[in-house]
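Enquirer: Structure incoming, see below.
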Amino acid sequence: MSKSHYTKLIKDEAKRLGFLSCGISKAEFLEEEAPRLEKWLNANMHGEMAYMENHFDKRLNPTKLVEGSKSVISLLLNYFPSEEQNPDSYKISKYAYGTDYHFVIKDKLKQLLHFIQEEIGEVNGRAFVDSAPVMDKAWAAISGLGWIGKHSNLLTQQVGSFYFIAELIVDLDLEYDNPVTDHCGTCTACIDACPTEAIVEPYVVDGSKCISYFTIELKNEIPTEFQNTFDDWMFGCDVCQDVCPWNRFSKPHNEPLFNPNPELLSFSKKDWDEITEDVFKKIFKKSPVKRTKFSGLKRNIDFIK
């Protein structure tokens with residue numbers, strides 16, 4: 001069987017499993033990313049996310065993560081919702097409306113790897129969904145799935161940016177895709193709209209100023225200098241994506257597990273102000289919001305009230 005045949009088999013199966021798109025690149029050292037990552041870390045733009053400093057070599061070289069790896073298979077999974085929250089509500093990032101994406105995507109990736117092994121033979125590989133030092137966006141861009149926008153998210157002309165990125169790194173030679181061109185042009189909508197001015201220059205986000213960082217990653221108190229800048233976001237933030245012109249092409253996902261608990265959509269600010277731990281556990285039973293815990297969500301609400 002030829003590389004092109006294997007490549008087509010994999011891409012067809014990825015589509016059948018519900019992935020938006022699939023691109024493939026050669027597993028090798030990310031030469032262009034290395035100085036960028038080093039500069040970003042040296043500027044302390046990762047804030048208290050100390051894990052970003054770990055495994056620098058592995059983060060840049062997939063062959064150090066998966067022995068004998070030859071190809072990085074990048075996949076996108078849409079999470080754009082068909083309905084959004086009550087306008088009179090504290091806001092939650094769209095990616096966290098439904099079941100935690102780690103579980104949903106990991107299951108699909110395992111199915112894809114199993115398919116590859118069944119159809120092609122003995123192939124070793126590992127699935128990655130945010131769970132290891134893999135530069136998702138860089139690999140997706142190299143694999144031709146989109147370009148990195150000025151807000152540092154992956155963008156496509158067809159469907160914008162509301163999707164998850166995941167990878168399978170395998171020891172199989174495949175046909176590789178080519179990167180696409182950047183289509184941000186002179187637009188600065190994301191930079192102008194960021195409530196905390198976290199996009200410090202085009203393509204550079206100071207993670208330590210991002211609302212998503214404050215409401216999810218930061219374990220200590222939120223610095224008072226950011227009072228009145230959160231625009232009612234209590235978990236994550238979608239502002240830079242919401243204002244992006246390319247997201248007018250976003251289409252609702254068709255993954256039932258990403259559908260939200262109806263209470264999440266109907267709750268008003270008053271409901272959130274009065275939320276109990278039991279209600280929190282019920283609404284966010286399998287949600288990524290559990291990461292911030294009840295106490296973290298209450299801290300965020302108190303900060304933006």
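In the structure tokens, the first chain shown is A, the next is B, and so on; residue numbers restart at 1 for each chain, and ligands run from 1 in the order shown.
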Please list as a list in words every residue within 6 Å of stretch 165-169 of chain A, counting only C-alpha atoms and excluding residues in the same chain fewer than 3 positions away.
Expert: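 That gives Ser71, Val72, Ile73, Ser74, Leu75, Leu76, Gly125, Arg126, Ala127, Phe128 and Val129 of chain A.
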Enquirer: With only C-alpha atoms as the counted atoms, please give the residues lying no more than 8 Å from stretch 191-208 of chain A, apart from itself and same-chain residues fewer than 6 positions off, as a PyMOL selection string.
Expert: chain A and resi 44-48+148-152+214+226+229-231+239-240+243
Enquirer: Once you have the residues from the selection above, write them out as an mmCIF file, in the first residue's frame, restricted to C-alpha atoms.
Expert:
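Final output, saved to out07.cif:
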data_model
loop_
_atom_site.group_PDB
_atom_site.id
_atom_site.type_symbol
_atom_site.label_atom_id
_atom_site.label_comp_id
_atom_site.auth_asym_id
_atom_site.auth_seq_id
_atom_site.Cartn_x
_atom_site.Cartn_y
_atom_site.Cartn_z
ATOM 1 C CA ASN A 44 7.168 35.598 32.001
ATOM 2 C CA MET A 45 4.076 35.758 29.794
ATOM 3 C CA HIS A 46 3.044 32.340 31.155
ATOM 4 C CA GLY A 47 2.382 33.848 34.609
ATOM 5 C CA GLU A 48 1.938 31.116 37.211
ATOM 6 C CA ILE A 148 -2.134 31.434 13.546
ATOM 7 C CA GLY A 149 -4.091 34.674 13.884
ATOM 8 C CA LYS A 150 -3.039 37.879 15.624
ATOM 9 C CA HIS A 151 -4.852 36.609 18.750
ATOM 10 C CA SER A 152 -2.603 33.488 18.605
ATOM 11 C CA PHE A 214 -7.202 34.712 35.577
ATOM 12 C CA PHE A 226 -7.886 44.273 36.539
ATOM 13 C CA THR A 229 -12.112 44.830 32.922
ATOM 14 C CA PHE A 230 -13.613 41.324 32.812
ATOM 15 C CA ASP A 231 -16.710 42.193 30.771
ATOM 16 C CA VAL A 239 -13.831 38.200 23.076
ATOM 17 C CA CYS A 240 -10.902 37.937 20.633
ATOM 18 C CA VAL A 243 -14.938 39.934 17.158
#
Enquirer: Please identify all polymer residues within 6 Å of stretch 263-272 of chain A, counting only C-alpha atoms, omitting same-chain residues fewer than 4 positions from it, and present them as a PyMOL selection string.
Expert: chain A and resi 85-86+88-90
Enquirer: Using only C-alpha atoms, which protein or nucleic acid residues come within 8 Å of A:Phe235? Drop anything in the same chain fewer than 6 positions from it, and give the result as a list in words.
Expert: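 In the requested form, the answer reads Lys91, Ile92, Ser93, Ser212, Thr215, Ile216, Val289, Leu297 and Asn300 of chain A.
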Enquirer: Can I get the residues of stretch 227-267 of chain A within 9 Å of stretch 79-82 of chain A, each with the closest pair of atoms and their distance in Å to one decimal, using only C-alpha atoms, sorted chain first then ascending number, as JSON lines?
Expert:
{"residue": "A:Ser250", "atom": "CA", "partner": "A:Phe80", "partner_atom": "CA", "distance": 6.7}
{"residue": "A:Lys251", "atom": "CA", "partner": "A:Phe80", "partner_atom": "CA", "distance": 6.5}
{"residue": "A:Pro252", "atom": "CA", "partner": "A:Ser82", "partner_atom": "CA", "distance": 4.9}
{"residue": "A:His253", "atom": "CA", "partner": "A:Tyr79", "partner_atom": "CA", "distance": 5.3}
{"residue": "A:Asn254", "atom": "CA", "partner": "A:Tyr79", "partner_atom": "CA", "distance": 8.3}
{"residue": "A:Glu255", "atom": "CA", "partner": "A:Tyr79", "partner_atom": "CA", "distance": 7.8}
{"residue": "A:Phe258", "atom": "CA", "partner": "A:Tyr79", "partner_atom": "CA", "distance": 6.8}
{"residue": "A:Asn259", "atom": "CA", "partner": "A:Pro81", "partner_atom": "CA", "distance": 7.4}
{"residue": "A:Pro260", "atom": "CA", "partner": "A:Pro81", "partner_atom": "CA", "distance": 8.7}
Enquirer: Take the residues from that selection and write them out as a JSON list (two decimals), in the first residue's frame, keeping N, CA and C atoms.
Expert:
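Output file result-v8.json is given in full below:
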[["chain", "number", "residue", "atom", "x", "y", "z"],
["A", 250, "SER", "N", -18.61, 30.55, 11.30],
["A", 250, "SER", "CA", -18.75, 29.42, 12.25],
["A", 250, "SER", "C", -20.13, 28.79, 12.10],
["A", 251, "LYS", "N", -20.14, 27.47, 12.13],
["A", 251, "LYS", "CA", -21.41, 26.73, 12.03],
["A", 251, "LYS", "C", -21.57, 25.88, 13.28],
["A", 252, "PRO", "N", -22.81, 25.69, 13.79],
["A", 252, "PRO", "CA", -23.00, 24.90, 15.01],
["A", 252, "PRO", "C", -22.46, 23.47, 14.87],
["A", 253, "HIS", "N", -21.89, 22.98, 15.95],
["A", 253, "HIS", "CA", -21.35, 21.62, 15.98],
["A", 253, "HIS", "C", -22.49, 20.60, 15.94],
["A", 254, "ASN", "N", -22.16, 19.34, 15.69],
["A", 254, "ASN", "CA", -23.19, 18.27, 15.73],
["A", 254, "ASN", "C", -22.76, 17.16, 16.69],
["A", 255, "GLU", "N", -22.05, 17.55, 17.76],
["A", 255, "GLU", "CA", -21.61, 16.59, 18.77],
["A", 255, "GLU", "C", -22.52, 16.71, 20.00],
["A", 258, "PHE", "N", -21.39, 17.91, 23.45],
["A", 258, "PHE", "CA", -21.04, 19.32, 23.67],
["A", 258, "PHE", "C", -22.27, 20.19, 23.96],
["A", 259, "ASN", "N", -23.46, 19.58, 23.93],
["A", 259, "ASN", "CA", -24.67, 20.36, 24.24],
["A", 259, "ASN", "C", -24.70, 20.71, 25.73],
["A", 260, "PRO", "N", -25.08, 21.95, 26.07],
["A", 260, "PRO", "CA", -25.03, 22.38, 27.45],
["A", 260, "PRO", "C", -26.22, 21.92, 28.29]]
Enquirer: Env of A:Pro262: 12 Å cut, atoms = only C-alpha atoms, seq-sep filter 6 positions within chain, self excluded. Answer as a compact mmCIF listing (two decimals) with N, CA and C atoms, in the first residue's frame.
Expert:
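Generated file (part35.txt):
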# COMPACT_ATOMS: atom_id res chain seq x y z
N GLU A 83 -26.88 27.53 20.47
CA GLU A 83 -27.52 28.55 21.32
C GLU A 83 -26.49 29.09 22.30
N GLU A 84 -26.66 30.34 22.69
CA GLU A 84 -25.72 30.91 23.66
C GLU A 84 -26.45 31.27 24.95
N GLN A 85 -25.68 31.69 25.96
CA GLN A 85 -26.24 31.97 27.27
C GLN A 85 -27.21 33.14 27.25
N ASN A 86 -28.04 33.18 28.29
CA ASN A 86 -28.91 34.32 28.57
C ASN A 86 -28.03 35.58 28.54
N TYR A 97 -19.23 24.71 27.40
CA TYR A 97 -20.68 24.53 27.57
C TYR A 97 -21.06 23.08 27.90
N GLY A 98 -20.40 22.14 27.27
CA GLY A 98 -20.82 20.73 27.40
C GLY A 98 -19.81 19.87 28.13
N LYS A 282 -24.11 19.78 39.82
CA LYS A 282 -25.13 19.25 38.90
C LYS A 282 -24.96 19.84 37.49
N ILE A 283 -24.81 21.16 37.42
CA ILE A 283 -24.70 21.81 36.10
C ILE A 283 -23.39 21.45 35.40
N PHE A 284 -22.32 21.36 36.19
CA PHE A 284 -20.99 21.16 35.60
C PHE A 284 -20.44 19.75 35.86
Enquirer: Extract the full set of strand (DSSP E) residues from stretch 63-215 of chain A according to DSSP on the backbone, and format it as number ranges by chain.
Expert: A: 71-78, 91-92, 125-128, 147-148, 154-155, 163-170, 199-201, 204-205
Enquirer: When distances are computed from only C-alpha atoms, which of A:Leu257, A:Cys184, A:Ile304, A:Ala138 shows the smallest separation from A:Thr99?
Expert: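 When distances to A:Thr99 are compared using only C-alpha atoms, the smallest one comes from A:Leu257.
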Enquirer: Please list as a list in words every residue within 10 Å of A:His183, counting only C-alpha atoms and excluding residues in the same chain fewer than 3 positions away.
Expert: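 Skipping anything fewer than 3 positions along the chain leaves Gly146, Trp147, Ile148, Gly149, Leu155, Thr156, Gln157, Val180, Thr186, Cys187 and Trp246 of chain A.
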Enquirer: So that I can check the secondary structure, give me every residue of stretch 6-228 of chain A assigned alpha helix (DSSP H) by backbone DSSP, as a PyMOL selection string.
Expert: chain A and resi 6-16+33-42+56-60+101-120+136-142+189-193+211-212
Enquirer: Would you work out the distance separating atom CA of A:Leu41 from atom CA of A:Arg59, expressed in Å to one decimal?
Expert: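 One can read the atom CA of A:Leu41 to atom CA of A:Arg59 distance as 12.9 Å.
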